[in-house]
>>> print(open('query09.cif').read())   # mmCIF, N, CA and C atoms
data_final
#
loop_
_atom_site.group_PDB
_atom_site.id
_atom_site.type_symbol
_atom_site.label_atom_id
_atom_site.label_comp_id
_atom_site.auth_asym_id
_atom_site.auth_seq_id
_atom_site.Cartn_x
_atom_site.Cartn_y
_atom_site.Cartn_z
ATOM 1 N N MET H 1 156.705 94.514 58.481
ATOM 2 C CA MET H 1 156.105 95.818 58.281
ATOM 3 C C MET H 1 156.460 96.305 56.883
ATOM 4 N N LYS H 2 155.483 96.830 56.174
ATOM 5 C CA LYS H 2 155.704 97.338 54.831
ATOM 6 C C LYS H 2 156.210 98.778 54.892
ATOM 7 N N ALA H 3 157.226 99.067 54.113
ATOM 8 C CA ALA H 3 157.798 100.418 54.072
ATOM 9 C C ALA H 3 156.902 101.360 53.273
ATOM 10 N N ILE H 4 156.935 102.630 53.617
ATOM 11 C CA ILE H 4 156.187 103.642 52.871
ATOM 12 C C ILE H 4 156.849 103.882 51.521
ATOM 13 N N VAL H 5 158.173 103.866 51.496
ATOM 14 C CA VAL H 5 158.931 103.958 50.251
ATOM 15 C C VAL H 5 159.964 102.832 50.255
ATOM 16 N N THR H 6 160.467 102.504 49.091
ATOM 17 C CA THR H 6 161.490 101.464 49.001
ATOM 18 C C THR H 6 162.868 102.055 49.267
ATOM 19 N N ALA H 7 163.807 101.187 49.597
ATOM 20 C CA ALA H 7 165.192 101.626 49.804
ATOM 21 C C ALA H 7 165.749 102.234 48.522
ATOM 22 N N ALA H 8 165.370 101.674 47.376
ATOM 23 C CA ALA H 8 165.842 102.204 46.091
ATOM 24 C C ALA H 8 165.327 103.624 45.864
ATOM 25 N N TRP H 9 164.052 103.872 46.183
ATOM 26 C CA TRP H 9 163.486 105.220 46.026
ATOM 27 C C TRP H 9 164.221 106.191 46.942
ATOM 28 N N LEU H 10 164.449 105.776 48.176
ATOM 29 C CA LEU H 10 165.128 106.646 49.132
ATOM 30 C C LEU H 10 166.538 106.980 48.667
ATOM 31 N N ALA H 11 167.260 105.994 48.174
ATOM 32 C CA ALA H 11 168.624 106.238 47.680
ATOM 33 C C ALA H 11 168.605 107.215 46.510
ATOM 34 N N GLU H 12 167.605 107.089 45.646
ATOM 35 C CA GLU H 12 167.497 107.960 44.473
ATOM 36 C C GLU H 12 167.153 109.398 44.862
ATOM 37 N N HIS H 13 166.400 109.577 45.943
ATOM 38 C CA HIS H 13 165.926 110.904 46.331
ATOM 39 C C HIS H 13 166.610 111.463 47.584
ATOM 40 N N ALA H 14 167.616 110.808 48.092
ATOM 41 C CA ALA H 14 168.248 111.185 49.359
ATOM 42 C C ALA H 14 168.783 112.614 49.361
ATOM 43 N N GLN H 15 169.147 113.143 48.223
ATOM 44 C CA GLN H 15 169.714 114.498 48.162
ATOM 45 C C GLN H 15 168.668 115.568 47.878
ATOM 46 N N ASP H 16 167.398 115.177 47.726
ATOM 47 C CA ASP H 16 166.336 116.161 47.478
ATOM 48 C C ASP H 16 166.229 117.111 48.675
ATOM 49 N N LYS H 17 166.254 118.388 48.434
ATOM 50 C CA LYS H 17 166.208 119.377 49.511
ATOM 51 C C LYS H 17 164.870 119.376 50.251
ATOM 52 N N ASP H 18 163.801 118.941 49.599
ATOM 53 C CA ASP H 18 162.480 118.936 50.219
ATOM 54 C C ASP H 18 162.167 117.644 50.969
ATOM 55 N N LEU H 19 163.057 116.673 50.935
ATOM 56 C CA LEU H 19 162.822 115.379 51.579
ATOM 57 C C LEU H 19 163.111 115.460 53.082
ATOM 58 N N ILE H 20 162.173 115.003 53.870
ATOM 59 C CA ILE H 20 162.370 114.897 55.317
ATOM 60 C C ILE H 20 162.187 113.439 55.699
ATOM 61 N N ILE H 21 163.192 112.876 56.342
ATOM 62 C CA ILE H 21 163.130 111.494 56.810
ATOM 63 C C ILE H 21 162.807 111.533 58.298
ATOM 64 N N ALA H 22 161.697 110.899 58.681
ATOM 65 C CA ALA H 22 161.275 110.880 60.080
ATOM 66 C C ALA H 22 161.452 109.479 60.645
ATOM 67 N N ASP H 23 162.216 109.365 61.704
ATOM 68 C CA ASP H 23 162.424 108.107 62.409
ATOM 69 C C ASP H 23 161.388 108.035 63.524
ATOM 70 N N CYS H 24 160.427 107.134 63.398
ATOM 71 C CA CYS H 24 159.307 107.045 64.344
ATOM 72 C C CYS H 24 159.286 105.714 65.083
ATOM 73 N N ARG H 25 160.437 105.068 65.193
ATOM 74 C CA ARG H 25 160.465 103.763 65.859
ATOM 75 C C ARG H 25 159.994 103.880 67.301
ATOM 76 N N PHE H 26 159.248 102.870 67.754
ATOM 77 C CA PHE H 26 158.777 102.840 69.138
ATOM 78 C C PHE H 26 158.446 101.416 69.545
ATOM 79 N N ARG H 27 158.401 101.215 70.844
ATOM 80 C CA ARG H 27 157.934 99.963 71.435
ATOM 81 C C ARG H 27 157.023 100.339 72.591
ATOM 82 N N LEU H 28 155.816 99.836 72.566
ATOM 83 C CA LEU H 28 154.874 100.168 73.632
ATOM 84 C C LEU H 28 155.329 99.645 74.986
ATOM 85 N N ASP H 29 156.119 98.570 75.001
ATOM 86 C CA ASP H 29 156.578 98.006 76.270
ATOM 87 C C ASP H 29 157.884 98.620 76.771
ATOM 88 N N ASP H 30 158.450 99.572 76.010
ATOM 89 C CA ASP H 30 159.705 100.216 76.406
ATOM 90 C C ASP H 30 159.735 101.611 75.778
ATOM 91 N N VAL H 31 159.256 102.606 76.501
ATOM 92 C CA VAL H 31 159.106 103.945 75.930
ATOM 93 C C VAL H 31 160.431 104.584 75.525
ATOM 94 N N ALA H 32 161.548 104.131 76.076
ATOM 95 C CA ALA H 32 162.848 104.693 75.734
ATOM 96 C C ALA H 32 163.494 104.012 74.529
ATOM 97 N N ALA H 33 162.919 102.918 74.046
ATOM 98 C CA ALA H 33 163.541 102.130 72.970
ATOM 99 C C ALA H 33 163.707 102.927 71.677
ATOM 100 N N GLY H 34 162.714 103.710 71.299
ATOM 101 C CA GLY H 34 162.807 104.480 70.059
ATOM 102 C C GLY H 34 163.931 105.493 70.091
ATOM 103 N N ASP H 35 164.042 106.229 71.192
ATOM 104 C CA ASP H 35 165.136 107.199 71.322
ATOM 105 C C ASP H 35 166.493 106.497 71.316
ATOM 106 N N SER H 36 166.576 105.367 72.007
ATOM 107 C CA SER H 36 167.835 104.606 72.050
ATOM 108 C C SER H 36 168.220 104.118 70.666
ATOM 109 N N ALA H 37 167.254 103.588 69.920
ATOM 110 C CA ALA H 37 167.523 103.086 68.574
ATOM 111 C C ALA H 37 167.968 104.225 67.657
ATOM 112 N N TYR H 38 167.327 105.375 67.777
ATOM 113 C CA TYR H 38 167.702 106.536 66.968
ATOM 114 C C TYR H 38 169.121 106.975 67.287
ATOM 115 N N GLN H 39 169.462 107.051 68.573
ATOM 116 C CA GLN H 39 170.807 107.458 68.976
ATOM 117 C C GLN H 39 171.860 106.464 68.498
ATOM 118 N N ALA H 40 171.512 105.185 68.512
ATOM 119 C CA ALA H 40 172.473 104.149 68.109
ATOM 120 C C ALA H 40 172.716 104.161 66.604
ATOM 121 N N ALA H 41 171.675 104.392 65.817
ATOM 122 C CA ALA H 41 171.824 104.371 64.361
ATOM 123 C C ALA H 41 170.557 104.906 63.708
ATOM 124 N N HIS H 42 170.727 105.884 62.842
ATOM 125 C CA HIS H 42 169.610 106.394 62.048
ATOM 126 C C HIS H 42 170.145 106.859 60.704
ATOM 127 N N LEU H 43 169.255 106.997 59.750
ATOM 128 C CA LEU H 43 169.655 107.469 58.430
ATOM 129 C C LEU H 43 170.181 108.900 58.540
ATOM 130 N N PRO H 44 171.209 109.231 57.785
ATOM 131 C CA PRO H 44 171.756 110.585 57.827
ATOM 132 C C PRO H 44 170.671 111.626 57.549
ATOM 133 N N GLY H 45 170.597 112.628 58.401
ATOM 134 C CA GLY H 45 169.636 113.704 58.239
ATOM 135 C C GLY H 45 168.254 113.424 58.794
ATOM 136 N N ALA H 46 168.017 112.212 59.276
ATOM 137 C CA ALA H 46 166.697 111.869 59.806
ATOM 138 C C ALA H 46 166.411 112.631 61.093
ATOM 139 N N VAL H 47 165.156 113.014 61.268
ATOM 140 C CA VAL H 47 164.716 113.635 62.509
ATOM 141 C C VAL H 47 163.974 112.591 63.324
ATOM 142 N N ARG H 48 163.952 112.761 64.609
ATOM 143 C CA ARG H 48 163.279 111.815 65.509
ATOM 144 C C ARG H 48 161.909 112.355 65.879
ATOM 145 N N LEU H 49 160.865 111.551 65.671
ATOM 146 C CA LEU H 49 159.519 111.874 66.126
ATOM 147 C C LEU H 49 159.103 110.788 67.106
ATOM 148 N N ASP H 50 158.769 111.193 68.316
ATOM 149 C CA ASP H 50 158.400 110.260 69.373
ATOM 150 C C ASP H 50 156.883 110.083 69.408
ATOM 151 N N LEU H 51 156.442 108.858 69.629
ATOM 152 C CA LEU H 51 155.016 108.554 69.664
ATOM 153 C C LEU H 51 154.292 109.415 70.690
ATOM 154 N N ASP H 52 154.779 109.453 71.924
ATOM 155 C CA ASP H 52 154.095 110.195 72.981
ATOM 156 C C ASP H 52 154.310 111.699 72.895
ATOM 157 N N ARG H 53 155.525 112.144 72.601
ATOM 158 C CA ARG H 53 155.828 113.583 72.599
ATOM 159 C C ARG H 53 155.326 114.307 71.354
ATOM 160 N N ASP H 54 155.377 113.622 70.197
ATOM 161 C CA ASP H 54 155.153 114.323 68.930
ATOM 162 C C ASP H 54 153.949 113.862 68.116
ATOM 163 N N LEU H 55 153.516 112.633 68.299
ATOM 164 C CA LEU H 55 152.529 112.069 67.378
ATOM 165 C C LEU H 55 151.165 111.785 67.989
ATOM 166 N N THR H 56 150.969 112.065 69.255
ATOM 167 C CA THR H 56 149.665 111.858 69.892
ATOM 168 C C THR H 56 149.283 113.096 70.686
ATOM 169 N N GLY H 57 147.991 113.212 70.947
ATOM 170 C CA GLY H 57 147.512 114.306 71.778
ATOM 171 C C GLY H 57 147.558 113.925 73.239
ATOM 172 N N ALA H 58 147.117 114.836 74.064
ATOM 173 C CA ALA H 58 147.070 114.571 75.508
ATOM 174 C C ALA H 58 146.127 113.393 75.782
ATOM 175 N N LYS H 59 146.517 112.552 76.731
ATOM 176 C CA LYS H 59 145.685 111.403 77.088
ATOM 177 C C LYS H 59 144.404 111.876 77.758
ATOM 178 N N GLY H 60 143.305 111.341 77.283
ATOM 179 C CA GLY H 60 142.011 111.703 77.833
ATOM 180 C C GLY H 60 141.158 110.463 78.046
ATOM 181 N N GLU H 61 139.895 110.669 78.165
ATOM 182 C CA GLU H 61 138.963 109.565 78.433
ATOM 183 C C GLU H 61 138.988 108.498 77.349
ATOM 184 N N HIS H 62 139.181 108.909 76.092
ATOM 185 C CA HIS H 62 139.132 107.958 74.976
ATOM 186 C C HIS H 62 140.483 107.825 74.265
ATOM 187 N N GLY H 63 141.559 108.028 74.963
ATOM 188 C CA GLY H 63 142.883 107.867 74.354
ATOM 189 C C GLY H 63 143.592 109.184 74.182
ATOM 190 N N GLY H 64 144.608 109.150 73.319
ATOM 191 C CA GLY H 64 145.406 110.352 73.109
ATOM 192 C C GLY H 64 145.441 110.759 71.672
#
>>> encode(input="query09.cif", output="structure tokens")
Amino acid sequence: MKAIVTAAWLAEHAQDKDLIIADCRFRLDDVAAGDSAYQAAHLPGAVRLDLDRDLTGAKGEHGG
């Protein structure tokens, strides 16, 4: 998977007050995996965004 930013860019900008790091890890075959991975280890200051709770709409006829 290609990163949105490089590790070098993140290290250079880690102290920027306007930077928000979102941890969006998920596994479709294990809905609890993303939360578990976040709890086990995440970048300092990162917030957790869950695929089902935060990033999709209500499930309907054509998806969520």
>>> residues_near_point(input="query09.cif", point="(152.6, 104.3, 66.0)", cutoff="8 Å", atoms="all atoms listed in the file", output="list in words")
Cys24, Arg25, Phe26, Asp50, Leu51 and Leu55 of chain H
>>> closest_residue(input="query09.cif", among="H:Gly34, H:Glu61, H:Asp23, H:Leu28", to="Val47 in chain H", atoms="only C-alpha atoms")
H:Asp23
>>> atom_distance(input="query09.cif", atom1="atom C of Arg53 in chain H", atom2="CA of Ala33 in chain H")
14.8 Å
>>> select_by_dssp(input="query09.cif", residues="chain H", states="helix (DSSP H, G or I)", output="PDB file with N, CA and C atoms, in the coordinates of the input")
ATOM      1  N   ALA H   7     163.807 101.187  49.597  1.00  0.00           N
ATOM      2  CA  ALA H   7     165.192 101.626  49.804  1.00  0.00           C
ATOM      3  C   ALA H   7     165.749 102.234  48.522  1.00  0.00           C
ATOM      4  N   ALA H   8     165.370 101.674  47.376  1.00  0.00           N
ATOM      5  CA  ALA H   8     165.842 102.204  46.091  1.00  0.00           C
ATOM      6  C   ALA H   8     165.327 103.624  45.864  1.00  0.00           C
ATOM      7  N   TRP H   9     164.052 103.872  46.183  1.00  0.00           N
ATOM      8  CA  TRP H   9     163.486 105.220  46.026  1.00  0.00           C
ATOM      9  C   TRP H   9     164.221 106.191  46.942  1.00  0.00           C
ATOM     10  N   LEU H  10     164.449 105.776  48.176  1.00  0.00           N
ATOM     11  CA  LEU H  10     165.128 106.646  49.132  1.00  0.00           C
ATOM     12  C   LEU H  10     166.538 106.980  48.667  1.00  0.00           C
ATOM     13  N   ALA H  11     167.260 105.994  48.174  1.00  0.00           N
ATOM     14  CA  ALA H  11     168.624 106.238  47.680  1.00  0.00           C
ATOM     15  C   ALA H  11     168.605 107.215  46.510  1.00  0.00           C
ATOM     16  N   GLU H  12     167.605 107.089  45.646  1.00  0.00           N
ATOM     17  CA  GLU H  12     167.497 107.960  44.473  1.00  0.00           C
ATOM     18  C   GLU H  12     167.153 109.398  44.862  1.00  0.00           C
ATOM     19  N   HIS H  13     166.400 109.577  45.943  1.00  0.00           N
ATOM     20  CA  HIS H  13     165.926 110.904  46.331  1.00  0.00           C
ATOM     21  C   HIS H  13     166.610 111.463  47.584  1.00  0.00           C
ATOM     22  N   ALA H  33     162.919 102.918  74.046  1.00  0.00           N
ATOM     23  CA  ALA H  33     163.541 102.130  72.970  1.00  0.00           C
ATOM     24  C   ALA H  33     163.707 102.927  71.677  1.00  0.00           C
ATOM     25  N   GLY H  34     162.714 103.710  71.299  1.00  0.00           N
ATOM     26  CA  GLY H  34     162.807 104.480  70.059  1.00  0.00           C
ATOM     27  C   GLY H  34     163.931 105.493  70.091  1.00  0.00           C
ATOM     28  N   ASP H  35     164.042 106.229  71.192  1.00  0.00           N
ATOM     29  CA  ASP H  35     165.136 107.199  71.322  1.00  0.00           C
ATOM     30  C   ASP H  35     166.493 106.497  71.316  1.00  0.00           C
ATOM     31  N   SER H  36     166.576 105.367  72.007  1.00  0.00           N
ATOM     32  CA  SER H  36     167.835 104.606  72.050  1.00  0.00           C
ATOM     33  C   SER H  36     168.220 104.118  70.666  1.00  0.00           C
ATOM     34  N   ALA H  37     167.254 103.588  69.920  1.00  0.00           N
ATOM     35  CA  ALA H  37     167.523 103.086  68.574  1.00  0.00           C
ATOM     36  C   ALA H  37     167.968 104.225  67.657  1.00  0.00           C
ATOM     37  N   TYR H  38     167.327 105.375  67.777  1.00  0.00           N
ATOM     38  CA  TYR H  38     167.702 106.536  66.968  1.00  0.00           C
ATOM     39  C   TYR H  38     169.121 106.975  67.287  1.00  0.00           C
ATOM     40  N   GLN H  39     169.462 107.051  68.573  1.00  0.00           N
ATOM     41  CA  GLN H  39     170.807 107.458  68.976  1.00  0.00           C
ATOM     42  C   GLN H  39     171.860 106.464  68.498  1.00  0.00           C
ATOM     43  N   ALA H  40     171.512 105.185  68.512  1.00  0.00           N
ATOM     44  CA  ALA H  40     172.473 104.149  68.109  1.00  0.00           C
ATOM     45  C   ALA H  40     172.716 104.161  66.604  1.00  0.00           C
ATOM     46  N   LEU H  51     156.442 108.858  69.629  1.00  0.00           N
ATOM     47  CA  LEU H  51     155.016 108.554  69.664  1.00  0.00           C
ATOM     48  C   LEU H  51     154.292 109.415  70.690  1.00  0.00           C
ATOM     49  N   ASP H  52     154.779 109.453  71.924  1.00  0.00           N
ATOM     50  CA  ASP H  52     154.095 110.195  72.981  1.00  0.00           C
ATOM     51  C   ASP H  52     154.310 111.699  72.895  1.00  0.00           C
ATOM     52  N   ARG H  53     155.525 112.144  72.601  1.00  0.00           N
ATOM     53  CA  ARG H  53     155.828 113.583  72.599  1.00  0.00           C
ATOM     54  C   ARG H  53     155.326 114.307  71.354  1.00  0.00           C
ATOM     55  N   ASP H  54     155.377 113.622  70.197  1.00  0.00           N
ATOM     56  CA  ASP H  54     155.153 114.323  68.930  1.00  0.00           C
ATOM     57  C   ASP H  54     153.949 113.862  68.116  1.00  0.00           C
TER      58      ASP H  54
END
>>> atom_distance(input="query09.cif", atom1="CA of Thr56 in chain H", atom2="CA of Val31 in chain H")
13.7 Å
>>> atom_distance(input="query09.cif", atom1="CA of Leu49 in chain H", atom2="CA of Asp35 in chain H")
9.0 Å
>>> axis_aligned_box(input="query09.cif", around="range 20-32 of chain H", padding_each_side="6 Å", output="JSON")
{"center_x": 159.2, "center_y": 106.5, "center_z": 65.3, "size_x": 20.6, "size_y": 29.0, "size_z": 34.9}
>>> closest_residue(input="query09.cif", among="H:Ile21, H:Asp29, H:Ala7, H:Gly64", to="Arg48 in chain H", atoms="only N, CA and C atoms")
H:Ile21
>>> resolve_selection(input="query09.cif", expression="the PyMOL selection byres (((chain H and resi 20 and name CA) around 12) and name CA)", output="list in words")
Leu10, His13, Ala14, Gln15, Asp16, Lys17, Asp18, Leu19, Ile21, Ala22, Asp23, Leu43, Pro44, Gly45, Ala46, Val47, Arg48 and Leu49 of chain H
>>> decode(input="query09.cif", residues="chain H", atoms="C-alpha atoms", output="PDB file, in the first residue's frame")
ATOM      1  CA  MET H   1       0.000   0.000   0.000  1.00  0.00           C
ATOM      2  CA  LYS H   2       1.328   3.431  -0.915  1.00  0.00           C
ATOM      3  CA  ALA H   3       1.466   6.004   1.879  1.00  0.00           C
ATOM      4  CA  ILE H   4      -0.225   9.388   1.518  1.00  0.00           C
ATOM      5  CA  VAL H   5       2.889  11.024   2.974  1.00  0.00           C
ATOM      6  CA  THR H   6       6.381   9.678   3.549  1.00  0.00           C
ATOM      7  CA  ALA H   7       7.814   8.865   6.964  1.00  0.00           C
ATOM      8  CA  ALA H   8      10.369  11.643   6.412  1.00  0.00           C
ATOM      9  CA  TRP H   9       7.610  14.213   5.756  1.00  0.00           C
ATOM     10  CA  LEU H  10       5.736  13.080   8.852  1.00  0.00           C
ATOM     11  CA  ALA H  11       8.845  13.328  11.035  1.00  0.00           C
ATOM     12  CA  GLU H  12       9.510  16.835   9.697  1.00  0.00           C
ATOM     13  CA  HIS H  13       5.935  18.013  10.352  1.00  0.00           C
ATOM     14  CA  ALA H  14       5.059  15.994  13.482  1.00  0.00           C
ATOM     15  CA  GLN H  15       5.026  19.099  15.701  1.00  0.00           C
ATOM     16  CA  ASP H  16       2.786  21.169  13.390  1.00  0.00           C
ATOM     17  CA  LYS H  17      -0.240  22.277  15.417  1.00  0.00           C
ATOM     18  CA  ASP H  18      -2.560  21.901  12.405  1.00  0.00           C
ATOM     19  CA  LEU H  19      -1.513  18.305  11.631  1.00  0.00           C
ATOM     20  CA  ILE H  20      -4.022  15.562  12.397  1.00  0.00           C
ATOM     21  CA  ILE H  21      -2.909  11.949  12.083  1.00  0.00           C
ATOM     22  CA  ALA H  22      -5.817   9.568  11.465  1.00  0.00           C
ATOM     23  CA  ASP H  23      -5.359   5.841  12.047  1.00  0.00           C
ATOM     24  CA  CYS H  24      -7.852   4.132   9.712  1.00  0.00           C
ATOM     25  CA  ARG H  25      -6.594   0.552   9.786  1.00  0.00           C
ATOM     26  CA  PHE H  26      -9.262  -2.086   9.175  1.00  0.00           C
ATOM     27  CA  ARG H  27      -9.835  -5.648   8.057  1.00  0.00           C
ATOM     28  CA  LEU H  28     -13.100  -6.582   6.415  1.00  0.00           C
ATOM     29  CA  ASP H  29     -12.845 -10.113   7.832  1.00  0.00           C
ATOM     30  CA  ASP H  30     -12.301  -8.890  11.422  1.00  0.00           C
ATOM     31  CA  VAL H  31     -14.167  -5.712  12.378  1.00  0.00           C
ATOM     32  CA  ALA H  32     -12.334  -5.440  15.720  1.00  0.00           C
ATOM     33  CA  ALA H  33      -8.830  -5.644  14.180  1.00  0.00           C
ATOM     34  CA  GLY H  34      -8.458  -1.903  13.546  1.00  0.00           C
ATOM     35  CA  ASP H  35      -9.362  -0.942  17.106  1.00  0.00           C
ATOM     36  CA  SER H  36      -7.065  -3.664  18.467  1.00  0.00           C
ATOM     37  CA  ALA H  37      -4.161  -2.510  16.295  1.00  0.00           C
ATOM     38  CA  TYR H  38      -4.702   1.107  17.363  1.00  0.00           C
ATOM     39  CA  GLN H  39      -4.782   0.147  21.050  1.00  0.00           C
ATOM     40  CA  ALA H  40      -1.637  -1.960  20.673  1.00  0.00           C
ATOM     41  CA  ALA H  41       0.398   0.717  18.882  1.00  0.00           C
ATOM     42  CA  HIS H  42      -0.286   3.988  17.101  1.00  0.00           C
ATOM     43  CA  LEU H  43       1.622   7.145  16.300  1.00  0.00           C
ATOM     44  CA  PRO H  44       1.641   9.644  19.171  1.00  0.00           C
ATOM     45  CA  GLY H  45      -1.357  11.955  18.927  1.00  0.00           C
ATOM     46  CA  ALA H  46      -3.121   9.885  16.269  1.00  0.00           C
ATOM     47  CA  VAL H  47      -6.902   9.673  16.379  1.00  0.00           C
ATOM     48  CA  ARG H  48      -8.799   6.514  15.484  1.00  0.00           C
ATOM     49  CA  LEU H  49     -11.323   6.576  12.630  1.00  0.00           C
ATOM     50  CA  ASP H  50     -13.311   3.377  12.176  1.00  0.00           C
ATOM     51  CA  LEU H  51     -14.534   2.283   8.748  1.00  0.00           C
ATOM     52  CA  ASP H  52     -18.076   1.460   9.898  1.00  0.00           C
ATOM     53  CA  ARG H  53     -18.542   4.061  12.663  1.00  0.00           C
ATOM     54  CA  ASP H  54     -16.832   7.079  11.105  1.00  0.00           C
ATOM     55  CA  LEU H  55     -16.129   6.688   7.400  1.00  0.00           C
ATOM     56  CA  THR H  56     -19.291   5.212   5.852  1.00  0.00           C
ATOM     57  CA  GLY H  57     -22.960   6.065   5.821  1.00  0.00           C
ATOM     58  CA  ALA H  58     -25.828   3.886   6.918  1.00  0.00           C
ATOM     59  CA  LYS H  59     -26.078   0.633   4.967  1.00  0.00           C
ATOM     60  CA  GLY H  60     -28.761   0.784   2.336  1.00  0.00           C
ATOM     61  CA  GLU H  61     -29.789  -0.873  -0.893  1.00  0.00           C
ATOM     62  CA  HIS H  62     -26.587   0.150  -2.700  1.00  0.00           C
ATOM     63  CA  GLY H  63     -24.048   0.068   0.131  1.00  0.00           C
ATOM     64  CA  GLY H  64     -23.052   2.464   2.844  1.00  0.00           C
TER      65      GLY H  64
END
